[in-house]
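**Student:** Input file: protein06.cif. Contents: mmCIF, C-alpha atoms.
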data_start
#
loop_
_atom_site.label_atom_id
_atom_site.label_comp_id
_atom_site.auth_asym_id
_atom_site.auth_seq_id
_atom_site.Cartn_x
_atom_site.Cartn_y
_atom_site.Cartn_z
CA MET C 1073 12.35 103.05 -14.62
CA SER C 1074 14.80 105.76 -15.71
CA LYS C 1075 18.47 105.58 -14.80
CA LEU C 1076 18.20 108.78 -12.73
CA LYS C 1077 15.25 107.42 -10.77
CA ILE C 1078 17.13 104.20 -10.05
CA MET C 1079 20.10 106.17 -8.73
CA LEU C 1080 18.00 108.58 -6.65
CA ASN C 1081 16.09 105.65 -5.21
CA GLY C 1082 19.21 104.46 -3.39
CA ILE C 1083 20.09 107.93 -2.17
CA ILE C 1084 16.67 108.98 -0.84
CA LYS C 1085 13.71 106.56 -0.89
CA GLU C 1086 15.66 103.39 -0.12
CA ASN C 1087 18.72 104.78 1.60
CA PRO C 1088 20.45 101.56 2.71
CA THR C 1089 21.35 102.85 6.18
CA LEU C 1090 18.64 105.28 7.26
CA VAL C 1091 15.65 103.66 5.53
CA LEU C 1092 16.46 99.98 5.00
CA VAL C 1093 18.64 99.94 8.14
CA LEU C 1094 21.37 97.79 6.58
CA GLY C 1095 25.11 97.95 7.22
CA THR C 1096 24.66 99.39 10.71
CA CYS C 1097 27.73 97.64 12.14
CA PRO C 1098 30.32 99.44 9.96
CA THR C 1099 28.18 102.59 10.11
CA LEU C 1100 28.49 102.82 13.88
CA ALA C 1101 32.08 101.60 14.03
CA VAL C 1102 33.89 103.73 11.46
CA THR C 1103 32.06 107.06 11.73
CA THR C 1104 34.16 108.47 14.58
CA MET C 1105 35.64 110.81 11.95
CA ALA C 1106 34.29 112.13 8.67
CA VAL C 1107 37.30 110.92 6.68
CA ASN C 1108 36.76 107.36 7.91
CA GLY C 1109 33.13 107.48 6.82
CA LEU C 1110 34.15 108.80 3.42
CA GLY C 1111 36.76 106.06 3.03
CA MET C 1112 34.35 103.27 3.92
CA GLY C 1113 31.63 104.78 1.73
CA VAL C 1114 33.86 105.09 -1.32
CA ALA C 1115 35.19 101.55 -0.84
CA ALA C 1116 31.68 100.11 -0.51
CA THR C 1117 30.46 102.11 -3.52
CA LEU C 1118 33.24 100.79 -5.75
CA VAL C 1119 32.50 97.23 -4.66
CA LEU C 1120 28.75 97.75 -5.13
CA ILE C 1121 29.10 99.10 -8.66
CA CYS C 1122 31.63 96.49 -9.83
CA SER C 1123 29.87 93.51 -8.25
CA ASN C 1124 26.46 94.63 -9.54
CA VAL C 1125 27.79 94.93 -13.09
CA VAL C 1126 29.57 91.56 -13.06
CA ILE C 1127 26.66 89.73 -11.43
CA SER C 1128 24.26 91.24 -13.97
CA LEU C 1129 26.53 90.09 -16.79
CA LEU C 1130 26.72 86.55 -15.36
CA LYS C 1131 23.12 86.22 -14.13
CA LYS C 1132 22.25 83.67 -16.82
CA VAL C 1133 25.45 81.69 -16.27
CA ILE C 1134 25.49 81.31 -12.48
CA PRO C 1135 23.45 78.25 -11.38
CA ASP C 1136 20.59 79.14 -9.05
CA LYS C 1137 21.66 76.65 -6.36
CA VAL C 1138 25.08 78.27 -5.90
CA ARG C 1139 24.20 81.87 -6.61
CA ILE C 1140 24.94 83.18 -3.08
CA PRO C 1141 28.42 81.56 -2.87
CA ALA C 1142 29.10 82.82 -6.40
CA TYR C 1143 28.06 86.35 -5.42
CA ILE C 1144 30.32 86.23 -2.37
CA VAL C 1145 33.30 85.13 -4.47
CA ILE C 1146 32.71 87.98 -6.93
CA ILE C 1147 32.29 90.53 -4.14
CA ALA C 1148 35.36 89.20 -2.30
CA GLY C 1149 37.47 89.69 -5.42
CA PHE C 1150 36.54 93.36 -5.67
CA VAL C 1151 36.95 93.90 -1.92
CA THR C 1152 40.49 92.51 -2.19
CA ILE C 1153 41.30 94.91 -5.04
CA VAL C 1154 39.91 97.90 -3.12
CA SER C 1155 41.83 96.84 0.01
CA PHE C 1156 45.10 96.71 -1.94
CA LEU C 1157 44.43 100.14 -3.44
CA LEU C 1158 43.71 101.70 -0.04
CA GLN C 1159 46.75 100.02 1.49
CA ALA C 1160 48.93 101.39 -1.29
CA TYR C 1161 47.56 104.93 -1.63
CA ALA C 1162 45.62 105.69 1.59
CA GLN C 1163 47.38 103.83 4.39
CA GLU C 1164 45.82 105.93 7.18
CA VAL C 1165 42.29 105.23 5.95
CA TYR C 1166 43.16 101.55 5.48
CA ASP C 1167 44.38 101.33 9.09
CA ALA C 1168 41.34 103.24 10.41
CA LEU C 1169 38.84 100.96 8.68
CA GLY C 1170 40.65 97.88 9.92
CA LEU C 1171 38.58 94.70 10.05
CA PHE C 1172 35.49 96.39 8.64
CA LEU C 1173 37.08 96.70 5.20
CA PRO C 1174 37.27 92.93 4.48
CA LEU C 1175 33.85 92.53 6.12
CA ILE C 1176 32.37 94.42 3.15
CA VAL C 1177 32.27 90.94 1.58
CA VAL C 1178 29.29 89.97 3.76
CA ASN C 1179 27.70 93.41 3.97
CA CYS C 1180 23.94 92.96 3.56
CA ILE C 1181 23.75 96.07 1.37
CA ILE C 1182 25.95 94.53 -1.30
CA LEU C 1183 24.59 90.99 -1.05
CA GLY C 1184 21.05 92.33 -0.97
CA ARG C 1185 21.45 94.39 -4.15
CA ALA C 1186 23.12 91.45 -5.89
CA GLU C 1187 20.19 89.19 -5.01
CA MET C 1188 17.32 91.65 -5.43
CA PHE C 1189 18.46 93.84 -8.31
CA ALA C 1190 21.63 92.91 -10.22
CA SER C 1191 20.57 89.29 -10.76
CA LYS C 1192 17.28 90.42 -12.31
CA ASN C 1193 18.11 93.58 -14.26
CA SER C 1194 20.29 94.86 -17.09
CA VAL C 1195 23.91 95.88 -16.72
CA GLY C 1196 23.11 99.58 -17.11
CA ASP C 1197 20.37 99.55 -14.49
CA SER C 1198 22.57 97.51 -12.14
CA PHE C 1199 25.38 100.06 -12.50
CA PHE C 1200 23.12 102.96 -11.51
CA ASP C 1201 21.56 100.94 -8.70
CA GLY C 1202 25.02 100.28 -7.26
CA LEU C 1203 25.96 103.92 -7.70
CA GLY C 1204 22.81 105.17 -6.01
CA MET C 1205 23.02 102.76 -3.09
CA GLY C 1206 26.71 103.52 -2.68
CA LEU C 1207 26.15 107.27 -2.69
CA GLY C 1208 23.33 106.92 -0.16
CA PHE C 1209 25.57 104.85 2.10
CA THR C 1210 28.50 107.25 1.67
CA LEU C 1211 26.44 110.37 2.38
CA THR C 1212 25.07 108.80 5.56
CA LEU C 1213 28.54 107.79 6.77
CA VAL C 1214 30.01 111.23 6.05
CA LEU C 1215 27.07 112.95 7.76
CA MET C 1216 27.36 110.77 10.85
CA GLY C 1217 31.14 111.07 10.87
CA SER C 1218 30.93 114.85 10.56
CA ILE C 1219 28.46 115.21 13.43
CA ARG C 1220 30.45 112.92 15.73
CA GLU C 1221 33.80 114.47 14.84
CA ILE C 1222 32.67 118.09 15.21
CA ILE C 1223 30.90 117.52 18.53
CA GLY C 1224 33.28 114.89 19.88
CA MET C 1225 36.63 116.30 18.77
CA GLY C 1226 35.97 119.85 17.64
CA THR C 1227 37.39 119.12 14.18
CA TRP C 1228 36.06 118.30 10.70
CA PHE C 1229 38.23 116.24 8.36
CA GLY C 1230 41.03 116.98 10.82
CA LEU C 1231 40.61 120.76 10.61
CA PRO C 1232 39.84 122.65 13.87
CA ILE C 1233 36.25 123.96 13.86
CA THR C 1234 35.17 124.66 17.44
CA LYS C 1235 38.59 124.94 19.07
CA GLY C 1236 38.48 127.58 21.83
CA LEU C 1237 34.71 128.00 21.41
CA VAL C 1238 33.11 124.81 22.71
CA SER C 1239 34.63 121.99 24.73
CA PRO C 1240 34.46 118.68 22.82
CA MET C 1241 31.97 116.09 24.09
CA THR C 1242 34.15 112.99 23.82
CA ILE C 1243 31.19 110.64 24.32
CA PHE C 1244 30.29 111.27 20.67
CA SER C 1245 33.58 109.63 19.66
CA LEU C 1246 32.57 106.50 21.58
CA ALA C 1247 29.94 103.81 20.88
CA PRO C 1248 27.09 105.52 22.83
CA GLY C 1249 27.55 108.67 20.76
CA GLY C 1250 27.37 106.64 17.56
CA PHE C 1251 24.09 105.00 18.61
CA PHE C 1252 22.66 108.37 19.63
CA VAL C 1253 23.50 110.09 16.34
CA PHE C 1254 22.26 107.11 14.32
CA GLY C 1255 18.99 107.02 16.26
CA VAL C 1256 18.44 110.76 15.80
CA LEU C 1257 19.06 110.56 12.04
CA VAL C 1258 16.72 107.56 11.61
CA ALA C 1259 14.05 109.35 13.65
CA LEU C 1260 14.52 112.50 11.57
CA VAL C 1261 14.13 110.59 8.29
CA ASN C 1262 11.10 108.81 9.72
CA LYS C 1263 9.59 112.17 10.69
CA LEU C 1264 10.26 113.75 7.30
CA THR C 1265 8.73 110.76 5.48
CA LYS C 1266 5.72 110.72 7.84
CA GLY C 1267 6.33 107.15 8.98
CA LYS C 1268 6.82 105.68 5.52
CA VAL C 1269 10.30 104.57 6.55
CA LEU C 1270 8.79 101.74 8.63
CA LYS C 1271 7.19 100.29 5.53
CA LYS C 1272 10.57 100.18 3.80
CA ARG C 1273 12.14 97.94 6.45
CA LYS C 1274 10.34 94.89 5.09
CA SER C 1275 12.25 95.44 1.85
CA ALA C 1276 15.48 95.23 3.82
CA CYS C 1277 14.57 91.73 4.97
CA ALA C 1278 13.57 90.70 1.46
CA GLY C 1279 16.84 92.00 0.07
CA CYS C 1280 19.04 90.18 2.56
CA PRO C 1281 20.12 86.67 1.52
CA SER C 1282 20.31 85.75 5.23
CA ALA C 1283 16.78 86.93 6.02
CA GLY C 1284 15.48 83.41 6.41
CA ALA C 1285 17.98 82.67 9.18
CA CYS C 1286 16.94 85.51 11.49
CA ASN C 1287 13.84 86.92 13.13
CA GLN C 1288 14.08 90.36 11.55
CA GLN C 1289 11.11 89.74 9.27
CA GLU C 1290 8.88 89.13 12.29
CA ASP C 1291 10.25 92.25 13.93
CA CYS C 1292 9.51 94.25 10.77
CA ALA C 1293 5.95 92.94 10.68
CA SER C 1294 5.45 93.84 14.33
CA ALA C 1295 6.82 97.34 13.75
CA GLN C 1296 4.27 97.97 11.03
CA GLN C 1297 1.27 96.93 13.20
#
Could you take the file, read its structure, and then write that structure out as structure tokens?
**Tutor:**
Amino acid sequence: MSKLKIMLNGIIKENPTLVLVLGTCPTLAVTTMAVNGLGMGVAATLVLICSNVVISLLKKVIPDKVRIPAYIVIIAGFVTIVSFLLQAYAQEVYDALGLFLPLIVVNCIILGRAEMFASKNSVGDSFFDGLGMGLGFTLTLVLMGSIREIIGMGTWFGLPITKGLVSPMTIFSLAPGGFFVFGVLVALVNKLTKGKVLKKRKSACAGCPSAGACNQQEDCASAQQ
């Protein structure tokens, strides 16, 4: 598989949020504004790329029995670095992301790619996989954040867009608006792919190290019937 195909796979065919339906908690929580979505997306992308590369380098060294704890330690180290950088150079974004920034450590997108891809592929392929997945996640967050901010606040990246033209619908800045926009985007992707998105959800379960502890696999199987 070419490097470009690996990268585009994460952006389009296996978009972690709209196709695999992973990372929905931070997606719904931080996308009240486009800048927040961009901040979370960039942070997650940096962690994805760095953790994928390191895990790929150490895949033959890490014992199989402790691979998940080892992955979490590696990911936590990069999350800490990114948190310090945001706190130092982007304090407003750091404050807006709040608790969801350290929770990147247990994000199923990152753990899933570590388990399913980085631990089984070369460093170069792992780099582009992390980049593609990160870009797919970031684009989704920015898109959701843009829709919710424009409709809910009348601004985009803090700049007035619909001021004096349309009254803001503040519900889009709240949790119900987030669920609505997310549902519409997932339905749109599902429509454009002619239902193929449902078949991808089984991959989400396979890629999640915690899949065995939940009933999502059964739900995925039911959805495909």
**Student:** Which residues, protein or nucleic acid, reach to within 10 Å of (18.3, 108.3, -7.7) in the file's coordinates when using all atoms listed in the file, and can you give that as a PDB file with C-alpha atoms, in the frame of the given file?
**Tutor:**
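Once everything was written out, this is point10.pdb:
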ATOM      1  CA  SER C1074      14.800 105.760 -15.710  1.00  0.00           C
ATOM      2  CA  LYS C1075      18.470 105.580 -14.800  1.00  0.00           C
ATOM      3  CA  LEU C1076      18.200 108.780 -12.730  1.00  0.00           C
ATOM      4  CA  LYS C1077      15.250 107.420 -10.770  1.00  0.00           C
ATOM      5  CA  ILE C1078      17.130 104.200 -10.050  1.00  0.00           C
ATOM      6  CA  MET C1079      20.100 106.170  -8.730  1.00  0.00           C
ATOM      7  CA  LEU C1080      18.000 108.580  -6.650  1.00  0.00           C
ATOM      8  CA  ASN C1081      16.090 105.650  -5.210  1.00  0.00           C
ATOM      9  CA  GLY C1082      19.210 104.460  -3.390  1.00  0.00           C
ATOM     10  CA  ILE C1083      20.090 107.930  -2.170  1.00  0.00           C
ATOM     11  CA  ILE C1084      16.670 108.980  -0.840  1.00  0.00           C
ATOM     12  CA  LYS C1085      13.710 106.560  -0.890  1.00  0.00           C
ATOM     13  CA  GLU C1086      15.660 103.390  -0.120  1.00  0.00           C
ATOM     14  CA  ASN C1087      18.720 104.780   1.600  1.00  0.00           C
ATOM     15  CA  PHE C1200      23.120 102.960 -11.510  1.00  0.00           C
ATOM     16  CA  ASP C1201      21.560 100.940  -8.700  1.00  0.00           C
ATOM     17  CA  LEU C1203      25.960 103.920  -7.700  1.00  0.00           C
ATOM     18  CA  GLY C1204      22.810 105.170  -6.010  1.00  0.00           C
ATOM     19  CA  MET C1205      23.020 102.760  -3.090  1.00  0.00           C
ATOM     20  CA  LEU C1207      26.150 107.270  -2.690  1.00  0.00           C
ATOM     21  CA  GLY C1208      23.330 106.920  -0.160  1.00  0.00           C
TER      22      GLY C1208
END
**Student:** Can you translate the PyMOL selection byres ((chain C and resi 1251-1260) around 12) into the concrete residues it hits in this file, as a ChimeraX atom specification?
**Tutor:** /C:1087-1101,1103-1104,1212-1213,1215-1221,1223-1224,1243-1250,1261-1270,1273
**Student:** Show which residues sit within 12 Å of C:Gln1159, as a list of chain:residue names. Count all atoms listed in the file, and ignore same-chain residues fewer than 6 positions away.
**Tutor:** C:Gly1111, C:Ala1115, C:Thr1152, C:Ile1153, C:Val1165, C:Tyr1166, C:Asp1167, C:Ala1168, C:Leu1169, C:Gly1170, C:Leu1173
**Student:** Counting all atoms listed in the file, which residue out of C:Cys1180, C:Ala1186, C:Ile1146, C:Ile1233 sits closest to C:Phe1199?
**Tutor:**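 With all atoms listed in the file as the atom set, the closest residue is C:Ala1186.
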**Student:** Rounded to one decimal, what separation in Å do you get between atom CA of C:Ile1121 and atom CA of C:Ala1142?
**Tutor:** 16.4 Å
**Student:** What does the structure give for the distance between atom CA of C:Asn1124 and atom CA of C:Gly1206, in Å to one decimal?
**Tutor:**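 Spanning atom CA of C:Asn1124 to atom CA of C:Gly1206 is a straight-line distance of 11.2 Å.
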**Student:** Nearest to C:Thr1117: which of C:Leu1211, C:Val1238, C:Val1133, C:Leu1157 is it, counting only C-alpha atoms?
**Tutor:**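 Nearest candidate to C:Thr1117 out of C:Leu1211, C:Val1238, C:Val1133, C:Leu1157: C:Leu1211.
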**Student:** What is the atom CA of C:Gly1113 to atom CA of C:Lys1192 distance in Å?
**Tutor:**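 Between atom CA of C:Gly1113 and atom CA of C:Lys1192 the gap works out to 24.7 Å.
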**Student:** Would you kindly translate the PyMOL selection byres ((chain C and resi 1231) around 12) into the concrete residues it picks from this file, as a PyMOL selection string?
**Tutor:** chain C and resi 1105-1107+1218+1221-1222+1225-1230+1232-1235
**Student:** When you count only C-alpha atoms, which of these residues is closest to C:Val1125: C:Asn1193, C:Ser1198, C:Asn1179, C:Thr1242?
**Tutor:** C:Ser1198
**Student:** Identify which of the residues C:Val1145, C:Met1188, C:Leu1175, C:Met1241 lies closest to C:Ser1128, counting all atoms listed in the file when measuring atom-to-atom distances.
**Tutor:**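 Closest to C:Ser1128 of all the choices is C:Met1188.
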